[in-house]
Each structure stands twice: as C-alpha cells, then as structure tokens.
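Worksheet: one structure, shown below.
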Amino acid sequence: MRDHFRVAHHALVSIGEGEGDRLDPKSSYEREYLGHYVAVVTRLLSESRPDEAERIAQIISDAVDGVIHSAARRGSLRQTDLQSELVSVIVHYVAGRAGQKSV
C-alpha cells in the first residue's frame with residue numbers, strides 16, 4: 001500500500017510549471033495518478049463499488065495534495081513524521097468508511 005502512496009506522491013511533486021494539462025481530469029496522467037489511490041481504497045474496502053472507490057480516492061487525493069502543497073510552502077515537506085501521519089489519517093478515514101453500510 002505504501003508503494004501506491006509513494007508513486008502518487010512522487011507524481012504530484014514532480015509536476016512542474018507549464019504542465020497544468022496533466023491535471024486535466026480526463027488526461028491519462030490524471031487517470032493513472034488517481035488509479036493509485038483507487039487501488040489503495042479498493043484494497044482497504046474490498047466491498048466498495050467502483051464509483052464509491054473512485055469518489056473516496058478523489059477525496060483522499062485532494063487531501064494529500066493540500067497537505068503536500070501546504071507542507072512545501074511551510075518548508076516542512078521533509079519532516080520524517082509527515083508521511084506516517086498522512087498515511088494514518090487516510091487509513092483512519094477509509095476504516096471509518098468501512099464501518100458504514102454504504103461506502
């Protein structure tokens with residue numbers, strides 16, 4: 001599971017200026033990027049429908065995006081506990097979804 005997060009994180013921070021078209025929701029880059037999050041959600045919520053897994057993955061992706069960009073602005077992106085805390089937040093969020101009837 002951490003491999004999916006690592007790949008998604010690397011893809012996010014490697015986006016440079018002038019590459020905004022890669023963020024087009026229909027681009028192959030964005031579909032592949034989001035696919036890593038969908039894989040994590042599907043692994044944790046094996047009973048989820050594909051549309052539910054994608055919606056949850058988008059929420060997680062947006063949250064991770066915000067945390068990474070904020071940490072970069074603050075200069076705290078390389079803090080050792082940032083990744084583990086972020087993974088913990090995501091796992092707890094998804095685990096909470098698992099306890100609900102409709103994911």
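In the structure tokens, each chain is lettered A, B, ... as it comes, each chain's residues begin at 1, and ligands are numbered from 1 in order of appearance.
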Give me, as a tab-separated table, the closest atom pair and its distance (Å, one decimal) for every residue of segment 17-64 of chain A within a cut-off of 12 Å of segment 83-102 of chain A, counting only C-alpha atoms, rows sorted by chain and rising number.
```
residue	atom	partner	partner_atom	distance
A:Tyr37	CA	A:Ile90	CA	10.4
A:Val38	CA	A:Val94	CA	11.5
A:Val40	CA	A:Val91	CA	9.5
A:Val41	CA	A:Val94	CA	7.1
A:Thr42	CA	A:Val94	CA	10.0
A:Arg43	CA	A:Val94	CA	10.4
A:Leu44	CA	A:Val94	CA	7.2
A:Leu45	CA	A:Ala98	CA	6.2
A:Ser46	CA	A:Ala98	CA	9.2
A:Glu47	CA	A:Ala98	CA	8.6
A:Ser48	CA	A:Ser102	CA	8.2
A:Arg49	CA	A:Ser102	CA	9.4
A:Asp51	CA	A:Ser102	CA	11.8
A:Glu52	CA	A:Ser102	CA	8.8
A:Ala53	CA	A:Val94	CA	10.0
A:Arg55	CA	A:Val94	CA	11.7
A:Ile56	CA	A:Val94	CA	8.0
A:Ala57	CA	A:Val94	CA	9.5
A:Gln58	CA	A:Ile90	CA	12.0
A:Ile59	CA	A:Ile90	CA	9.9
A:Ile60	CA	A:Ile90	CA	6.8
A:Ser61	CA	A:Ile90	CA	9.8
A:Asp62	CA	A:Ile90	CA	11.5
A:Ala63	CA	A:Ile90	CA	8.9
A:Val64	CA	A:Leu86	CA	7.5
```
Would you export the selected residues with N, CA and C atoms as a JSON list (two decimals), in the first residue's frame, please?
```json
[["chain", "number", "residue", "atom", "x", "y", "z"],
["A", 37, "TYR", "N", -4.62, 5.74, -6.02],
["A", 37, "TYR", "CA", -5.48, 5.93, -4.86],
["A", 37, "TYR", "C", -6.67, 4.96, -4.89],
["A", 38, "VAL", "N", -7.25, 4.76, -6.05],
["A", 38, "VAL", "CA", -8.35, 3.80, -6.18],
["A", 38, "VAL", "C", -7.87, 2.41, -5.76],
["A", 40, "VAL", "N", -5.58, 1.66, -3.57],
["A", 40, "VAL", "CA", -5.48, 1.62, -2.11],
["A", 40, "VAL", "C", -6.87, 1.47, -1.49],
["A", 41, "VAL", "N", -7.80, 2.29, -1.96],
["A", 41, "VAL", "CA", -9.17, 2.24, -1.42],
["A", 41, "VAL", "C", -9.79, 0.87, -1.66],
["A", 42, "THR", "N", -9.63, 0.34, -2.85],
["A", 42, "THR", "CA", -10.18, -0.97, -3.18],
["A", 42, "THR", "C", -9.58, -2.06, -2.30],
["A", 43, "ARG", "N", -8.30, -1.93, -2.02],
["A", 43, "ARG", "CA", -7.65, -2.92, -1.17],
["A", 43, "ARG", "C", -8.19, -2.85, 0.26],
["A", 44, "LEU", "N", -8.42, -1.63, 0.74],
["A", 44, "LEU", "CA", -8.92, -1.46, 2.11],
["A", 44, "LEU", "C", -10.43, -1.68, 2.23],
["A", 45, "LEU", "N", -11.15, -1.37, 1.16],
["A", 45, "LEU", "CA", -12.61, -1.50, 1.15],
["A", 45, "LEU", "C", -13.02, -2.44, 0.01],
["A", 46, "SER", "N", -12.73, -3.70, 0.17],
["A", 46, "SER", "CA", -12.95, -4.65, -0.91],
["A", 46, "SER", "C", -14.43, -4.76, -1.32],
["A", 47, "GLU", "N", -15.34, -4.36, -0.45],
["A", 47, "GLU", "CA", -16.77, -4.43, -0.75],
["A", 47, "GLU", "C", -17.29, -3.19, -1.48],
["A", 48, "SER", "N", -16.43, -2.19, -1.68],
["A", 48, "SER", "CA", -16.91, -0.94, -2.28],
["A", 48, "SER", "C", -17.15, -1.10, -3.78],
["A", 49, "ARG", "N", -18.14, -0.36, -4.25],
["A", 49, "ARG", "CA", -18.42, -0.32, -5.69],
["A", 49, "ARG", "C", -17.36, 0.55, -6.35],
["A", 51, "ASP", "N", -17.56, 3.10, -8.36],
["A", 51, "ASP", "CA", -17.84, 4.53, -8.29],
["A", 51, "ASP", "C", -17.59, 5.08, -6.88],
["A", 52, "GLU", "N", -17.88, 4.27, -5.86],
["A", 52, "GLU", "CA", -17.62, 4.67, -4.48],
["A", 52, "GLU", "C", -16.12, 4.75, -4.22],
["A", 53, "ALA", "N", -15.39, 3.75, -4.69],
["A", 53, "ALA", "CA", -13.94, 3.74, -4.51],
["A", 53, "ALA", "C", -13.30, 4.95, -5.20],
["A", 55, "ARG", "N", -14.76, 7.88, -5.84],
["A", 55, "ARG", "CA", -15.12, 9.09, -5.10],
["A", 55, "ARG", "C", -14.24, 9.25, -3.86],
["A", 56, "ILE", "N", -14.06, 8.18, -3.11],
["A", 56, "ILE", "CA", -13.23, 8.21, -1.92],
["A", 56, "ILE", "C", -11.78, 8.51, -2.31],
["A", 57, "ALA", "N", -11.32, 7.91, -3.38],
["A", 57, "ALA", "CA", -9.96, 8.14, -3.86],
["A", 57, "ALA", "C", -9.75, 9.60, -4.23],
["A", 58, "GLN", "N", -10.74, 10.23, -4.85],
["A", 58, "GLN", "CA", -10.62, 11.64, -5.21],
["A", 58, "GLN", "C", -10.53, 12.51, -3.97],
["A", 59, "ILE", "N", -11.30, 12.20, -2.95],
["A", 59, "ILE", "CA", -11.25, 12.95, -1.70],
["A", 59, "ILE", "C", -9.87, 12.82, -1.06],
["A", 60, "ILE", "N", -9.36, 11.59, -1.02],
["A", 60, "ILE", "CA", -8.04, 11.36, -0.43],
["A", 60, "ILE", "C", -6.97, 12.08, -1.25],
["A", 61, "SER", "N", -7.06, 11.97, -2.57],
["A", 61, "SER", "CA", -6.09, 12.62, -3.45],
["A", 61, "SER", "C", -6.06, 14.13, -3.21],
["A", 62, "ASP", "N", -7.23, 14.73, -3.10],
["A", 62, "ASP", "CA", -7.30, 16.17, -2.86],
["A", 62, "ASP", "C", -6.73, 16.54, -1.49],
["A", 63, "ALA", "N", -7.01, 15.70, -0.50],
["A", 63, "ALA", "CA", -6.47, 15.95, 0.84],
["A", 63, "ALA", "C", -4.95, 15.86, 0.85],
["A", 64, "VAL", "N", -4.42, 14.82, 0.21],
["A", 64, "VAL", "CA", -2.97, 14.65, 0.14],
["A", 64, "VAL", "C", -2.34, 15.82, -0.62]]
```
Show which residues sit within 12 Å of segment 77-79 of chain A, as a count of residues only. Count only C-alpha atoms, and ignore same-chain residues fewer than 3 positions away. 18
Computed interatomic separation between atom CA of Thr80 of chain A and atom CA of Glu54 of chain A (Å):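 Computing the Euclidean distance for atom CA of Thr80 of chain A and atom CA of Glu54 of chain A yields 28.9 Å.
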